[in-house]
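Here's the structure we're looking at; comments come further down.
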Amino acid sequence: MQAGGASQSQVQSQLQPQSQPHSTMQGYDPSSFFCEMLRPGQPQHPTLTLLLSRLAAMPIDSLRQRAQEAERDLLDRGITFTVYSDATAIDRILPFDLIPRVITPAEWHQIETGVVQRVRALNMFLYDIYHDRKILADKIVPAELVLNNAGYCQAMVGFNVPFNTYVHVCGTDIVRDETGAFRVLEDNARTPSGVAYVVENRHMSLRVIPDLMTSLRVRSVDEYGLRLHNAMAEIAPSGVVDPQVVVLSPGIFNSAYFEHVFLAREMGVPLVEGRDLTVEGGKVWMRTTSGLAPVHTIYRRIGDDFLDPDAFNPESMLGVRGLIEAWRHGTVAIANAVGTGVADDKAIYAYMPRIIKYYLSEEPILPNVDTRICAEPDALAYTLDHLHELVVKPVAESGGYGLLIGPHASKAQLADFRALLKADPANYISQPTLKLSVSPTLCEDGVRPRHIDLRPFAVTGRNTWVLPGGLTRVALRAGTLVVNSSQGGGSKDTWVLE
Amino acid sequence: MDIIPKRHTVHLIARHAESTIWLARYMERIENMARILDVTNTFARDADDTRNWLSIPRINGDLAEFYKKHTEATQRSVGDFYLLDTTNPTSVQSFIAAARENARTLRALISTEMWLQINVFHSRIRQLDAGTITPDHFTAVCAMLKEGAQAHTGITEGTLYRDQAWHFYMIGRYLERADQTTRLLDTRFHSLAPQTDAVDADIDAGHWNALLRAAAGYHAYRREHPSGYHPQEVACFMLANTAFPRSVGLNLAQVEWHLTQLRTRYMLRMSGALERLDQLNGMMTYPNVTELASRKLSPFLDYVQREVGALHQDIVGTFAG
């Protein structure tokens, strides 16, 4: 595939600030939303100014042609995910918007330190609730919320993991409000996905908009596989030289299979399924052409319930019989650890600022979105009274399903949801409708503001490292706030400036 | 204490080894199918068109399945059966679907270029319909299929890292070629009932011609045997020739080389397969094939086909379960 198509002279001319009118940006109006490109009320950043002038000078037809090339390229490369509805499975691409989202060094500093702080607190919280339960005794977090949580795993009680790290890979969903302040929307501490798109989106930018990128100092995203492998090697059972790491996938029909392939390739380790592994003599082995070979760390992309039919769901065909027993004997490491789901539960999320203060004696560097826990009577009453202006989320779901966005709901939808909420208030939290920041996005009627979020990825073995940038998801439909890939969202390349 | 650090051992998942063999076999089948369809369409025309088209289901052992769906073997019905029919496991549609599924399984092992080409090739084949395989397009479709399969072969040659997986891939390719050539020979010798009678051979020149073209060996054969066709010589050429890329003997010798590499470099137990191969290779000589072809070749070809199948099982069996 031809990259870009701009000649050298065109590239040169676009290096110069443009004096012509910003035709491509014409009609672009973020109204009261914070725009990541224009940044009202913030000091001008020279790189952003240059990027904006290049973008404005790029004919819209050229942008559209490049967008088509990018779409073709994604299909050709099979960079797809599978959508299941009714009885059909369709391979879809995650739409790529070629206008990048830019993060300044100062902003990145806040995000990076905020994510590291949050991952530390999550790991300390997990250690505590599976050991002494001090935070419950001190009534910082209601004990029943933790101990009765579907994500709380009895098998983890009293069990120690290397470096007390439970969440080896964490995806923190961050949004920006109308003042430009970053806020954490949720933690993904089980098997967060999307990192493959971070790297693929960068490669796509290099192919289709090299002239927009020329001479800009953007931080690299190429280190992820190496960092992840090294963390996986660190947590391997002690005494093992050159540990064998594998990626455990449910297989080629899983919607995230493309990412599993990416992870295995970038780490340079085998991509296995449950049937490729076996437990013998208390150790985990993989079936190779030369017989059984030992496995020391499993980066699993299978949910807790499916990992081991002996320990959890006996119906699971995806896992490995005896795996948990082997893990408990310390002969193999599993990342992320079992039982982390309790920490990224939406009900626990509401307590995260207090959890951070409790363990670290620090203020959260990245604040939460104001959240009400409907299990509490006052919060429920408020939520019912203000349903039409709130976002209400079930606490045990992911992927944007079963979500109510009050201002966008019809009267009938509100009434239906009110009944659901009253029937099981403990299952819901509510938050004010966020005025998510927007980014210029190529749409049918031109370059238009569309809402975005950000999911940085943190890798933790002994220490925590955060991949510069993360996955920027964009809600492609005008006005919609839901950025999930399963709900019609797309993604953008994320540029952290040096 | 070691001065030279121990080399990191790169294991190959047994299931992936098997997938690698299948990937190669399915891609090879697409090329073979395209060539046979093209040759039948172009060179095998005579008064009895039906008999020629019927030879393709016969080669593939599909006669019963074919007649369940079609009453008569024509370009249209055979084209439909082998180019479009997704329910026929021996159609190029099924081959590319299976190849892509294996490639998907192996996505972490094969090169990005290989995956990209298979993926694009897959969508191109998926787009074929009745309108694209009409007589005026038939040759172009066959050319597209051959080129796609050959592009795959070339990309693999240039980009697939040559560790264990590559050896298994090559074994798959060579096993498939040996199998296909045996099938081709079998049907022709079956239908032509070879005699040592030179007159008969002359009458059948067009058929020998088509047979050699279907194996991409026509010009090489002309060069080796400019004076004409002789059934025993054709049989020797296709079974025992050591220079013809699709001769059974050459392909089995390649399989043997790769198996030996797997045994010596990776310490894989390949004794069963190597023993079988040793015996089989011993038979692929000019004197032996000449002798066999002077009587009846079919039983021998059946035997070779069974042995090639058994070889695949031997190889996979060494690490299965």
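In the structure tokens, chains take the letters A, B, ... in the order shown, each chain's residues start at 1, and ligands count up from 1 in the order shown.
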Please report, as JSON lines, each residue of chain B lying at most 10 Å from chain A, together with the nearest pair of atoms and the separation in Å rounded to one decimal; use only C-alpha atoms, and order rows by chain and ascending residue number.
```
{"residue": "B:Lys6", "atom": "CA", "partner": "A:Asp242", "partner_atom": "CA", "distance": 9.6}
{"residue": "B:Arg7", "atom": "CA", "partner": "A:Asp242", "partner_atom": "CA", "distance": 9.7}
{"residue": "B:His8", "atom": "CA", "partner": "A:Asp242", "partner_atom": "CA", "distance": 7.3}
{"residue": "B:Thr9", "atom": "CA", "partner": "A:Gln244", "partner_atom": "CA", "distance": 9.3}
{"residue": "B:Val10", "atom": "CA", "partner": "A:Val269", "partner_atom": "CA", "distance": 8.5}
{"residue": "B:His11", "atom": "CA", "partner": "A:Thr288", "partner_atom": "CA", "distance": 6.3}
{"residue": "B:Leu12", "atom": "CA", "partner": "A:Thr288", "partner_atom": "CA", "distance": 5.3}
{"residue": "B:Ile13", "atom": "CA", "partner": "A:Thr288", "partner_atom": "CA", "distance": 4.2}
{"residue": "B:Ala14", "atom": "CA", "partner": "A:Thr288", "partner_atom": "CA", "distance": 4.4}
{"residue": "B:Arg15", "atom": "CA", "partner": "A:Asp276", "partner_atom": "CA", "distance": 7.4}
{"residue": "B:His16", "atom": "CA", "partner": "A:Thr288", "partner_atom": "CA", "distance": 8.7}
{"residue": "B:Ala17", "atom": "CA", "partner": "A:Thr289", "partner_atom": "CA", "distance": 7.2}
{"residue": "B:Glu18", "atom": "CA", "partner": "A:Thr289", "partner_atom": "CA", "distance": 9.4}
{"residue": "B:Glu101", "atom": "CA", "partner": "A:Ile252", "partner_atom": "CA", "distance": 8.0}
{"residue": "B:Asn102", "atom": "CA", "partner": "A:Ile252", "partner_atom": "CA", "distance": 9.5}
{"residue": "B:Arg104", "atom": "CA", "partner": "A:Ile252", "partner_atom": "CA", "distance": 6.7}
{"residue": "B:Thr105", "atom": "CA", "partner": "A:Ile252", "partner_atom": "CA", "distance": 6.3}
{"residue": "B:Leu106", "atom": "CA", "partner": "A:Leu271", "partner_atom": "CA", "distance": 8.7}
{"residue": "B:Arg107", "atom": "CA", "partner": "A:Val261", "partner_atom": "CA", "distance": 6.3}
{"residue": "B:Ala108", "atom": "CA", "partner": "A:Val261", "partner_atom": "CA", "distance": 5.2}
{"residue": "B:Leu109", "atom": "CA", "partner": "A:Arg265", "partner_atom": "CA", "distance": 7.5}
{"residue": "B:Ile110", "atom": "CA", "partner": "A:Arg265", "partner_atom": "CA", "distance": 9.7}
{"residue": "B:Thr112", "atom": "CA", "partner": "A:Arg77", "partner_atom": "CA", "distance": 8.0}
{"residue": "B:Glu113", "atom": "CA", "partner": "A:Arg77", "partner_atom": "CA", "distance": 8.9}
{"residue": "B:Trp115", "atom": "CA", "partner": "A:Arg77", "partner_atom": "CA", "distance": 7.2}
{"residue": "B:Leu116", "atom": "CA", "partner": "A:Arg77", "partner_atom": "CA", "distance": 5.0}
{"residue": "B:Gln117", "atom": "CA", "partner": "A:Asp76", "partner_atom": "CA", "distance": 7.9}
{"residue": "B:Ile118", "atom": "CA", "partner": "A:Asp76", "partner_atom": "CA", "distance": 9.0}
{"residue": "B:Asn119", "atom": "CA", "partner": "A:Asp76", "partner_atom": "CA", "distance": 6.0}
{"residue": "B:Val120", "atom": "CA", "partner": "A:Asp76", "partner_atom": "CA", "distance": 5.4}
{"residue": "B:Phe121", "atom": "CA", "partner": "A:Asp76", "partner_atom": "CA", "distance": 9.2}
{"residue": "B:His122", "atom": "CA", "partner": "A:Asp76", "partner_atom": "CA", "distance": 9.7}
{"residue": "B:Ser123", "atom": "CA", "partner": "A:Asp76", "partner_atom": "CA", "distance": 8.7}
{"residue": "B:Gln164", "atom": "CA", "partner": "A:Thr289", "partner_atom": "CA", "distance": 8.9}
{"residue": "B:Ala165", "atom": "CA", "partner": "A:Thr289", "partner_atom": "CA", "distance": 9.9}
{"residue": "B:Leu262", "atom": "CA", "partner": "A:Thr289", "partner_atom": "CA", "distance": 9.8}
{"residue": "B:Tyr266", "atom": "CA", "partner": "A:Ser290", "partner_atom": "CA", "distance": 7.9}
{"residue": "B:Met267", "atom": "CA", "partner": "A:Ser290", "partner_atom": "CA", "distance": 7.4}
{"residue": "B:Leu268", "atom": "CA", "partner": "A:Ser290", "partner_atom": "CA", "distance": 5.7}
{"residue": "B:Arg269", "atom": "CA", "partner": "A:Ser290", "partner_atom": "CA", "distance": 7.8}
{"residue": "B:Ile315", "atom": "CA", "partner": "A:Thr289", "partner_atom": "CA", "distance": 10.0}
{"residue": "B:Val316", "atom": "CA", "partner": "A:Thr289", "partner_atom": "CA", "distance": 9.0}
{"residue": "B:Thr318", "atom": "CA", "partner": "A:Thr289", "partner_atom": "CA", "distance": 7.8}
{"residue": "B:Phe319", "atom": "CA", "partner": "A:Thr289", "partner_atom": "CA", "distance": 5.3}
{"residue": "B:Ala320", "atom": "CA", "partner": "A:Thr289", "partner_atom": "CA", "distance": 8.3}
{"residue": "B:Gly321", "atom": "CA", "partner": "A:Arg287", "partner_atom": "CA", "distance": 8.4}
```
Just list the residues in segment 170-292 of chain A DSSP gives alpha helix (DSSP H) on the backbone, as a VMD selection string. chain A and resid 195 to 208 210 to 213 224 to 234 257 to 267
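Near Glu31 of chain B, within 9 Å and counting only C-alpha atoms, sit Cys142, Leu145, Lys146, Glu147, Gly148, Ala149 and Gln150 of chain B, not including residues fewer than 6 positions from it in the same chain.
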Restricting the calculation to only C-alpha atoms: of B:Ala220, B:Phe168, B:Gly309, B:Ala24, which residue gets closest to Arg263 of chain B? B:Phe168
Name the residues in contact with Glu36 of chain A at a cut-off of 12 Å, using only C-alpha atoms, excluding same-chain residues fewer than 4 positions from it; report them as number ranges by chain. A: 30, 40-42, 44-45, 48-49, 52, 99-104, 107, 175-182, 436-441, 449-454, 472, 494-495
Give me the residues near Met27 of chain B as a PyMOL selection string, where near means some atom within 9 Å (using only C-alpha atoms) and where sequence neighbours in that chain fewer than 5 positions away do not count. chain B and resi 22+32+95-96+99+149-150+152-153+173
Generate a file of the selected residues that holds N, CA and C atoms, formatted as a CSV table (one decimal), in the first residue's frame.
```csv
chain,number,residue,atom,x,y,z
B,22,TRP,N,-1.0,-28.0,7.1
B,22,TRP,CA,-2.2,-27.8,6.4
B,22,TRP,C,-2.3,-26.5,5.6
B,32,ASN,N,-3.1,-26.1,-7.8
B,32,ASN,CA,-3.3,-27.3,-8.7
B,32,ASN,C,-4.7,-27.3,-9.3
B,95,PHE,N,-10.9,-24.4,0.1
B,95,PHE,CA,-9.4,-24.4,0.3
B,95,PHE,C,-9.0,-23.1,0.9
B,96,ILE,N,-9.4,-22.0,0.3
B,96,ILE,CA,-8.9,-20.7,0.8
B,96,ILE,C,-9.5,-20.4,2.2
B,99,ALA,N,-7.3,-22.5,4.4
B,99,ALA,CA,-5.9,-21.9,4.4
B,99,ALA,C,-5.9,-20.7,5.3
B,149,ALA,N,-1.8,-18.0,-5.5
B,149,ALA,CA,-1.1,-19.1,-4.8
B,149,ALA,C,0.4,-19.0,-5.0
B,150,GLN,N,0.8,-18.6,-6.2
B,150,GLN,CA,2.3,-18.5,-6.4
B,150,GLN,C,2.8,-17.3,-5.7
B,152,HIS,N,1.8,-16.4,-2.9
B,152,HIS,CA,2.0,-16.9,-1.5
B,152,HIS,C,3.3,-17.7,-1.4
B,153,THR,N,3.5,-18.5,-2.4
B,153,THR,CA,4.7,-19.4,-2.4
B,153,THR,C,6.0,-18.5,-2.3
B,173,ARG,N,3.8,-28.7,1.7
B,173,ARG,CA,3.8,-28.4,0.3
B,173,ARG,C,4.2,-29.6,-0.5
```
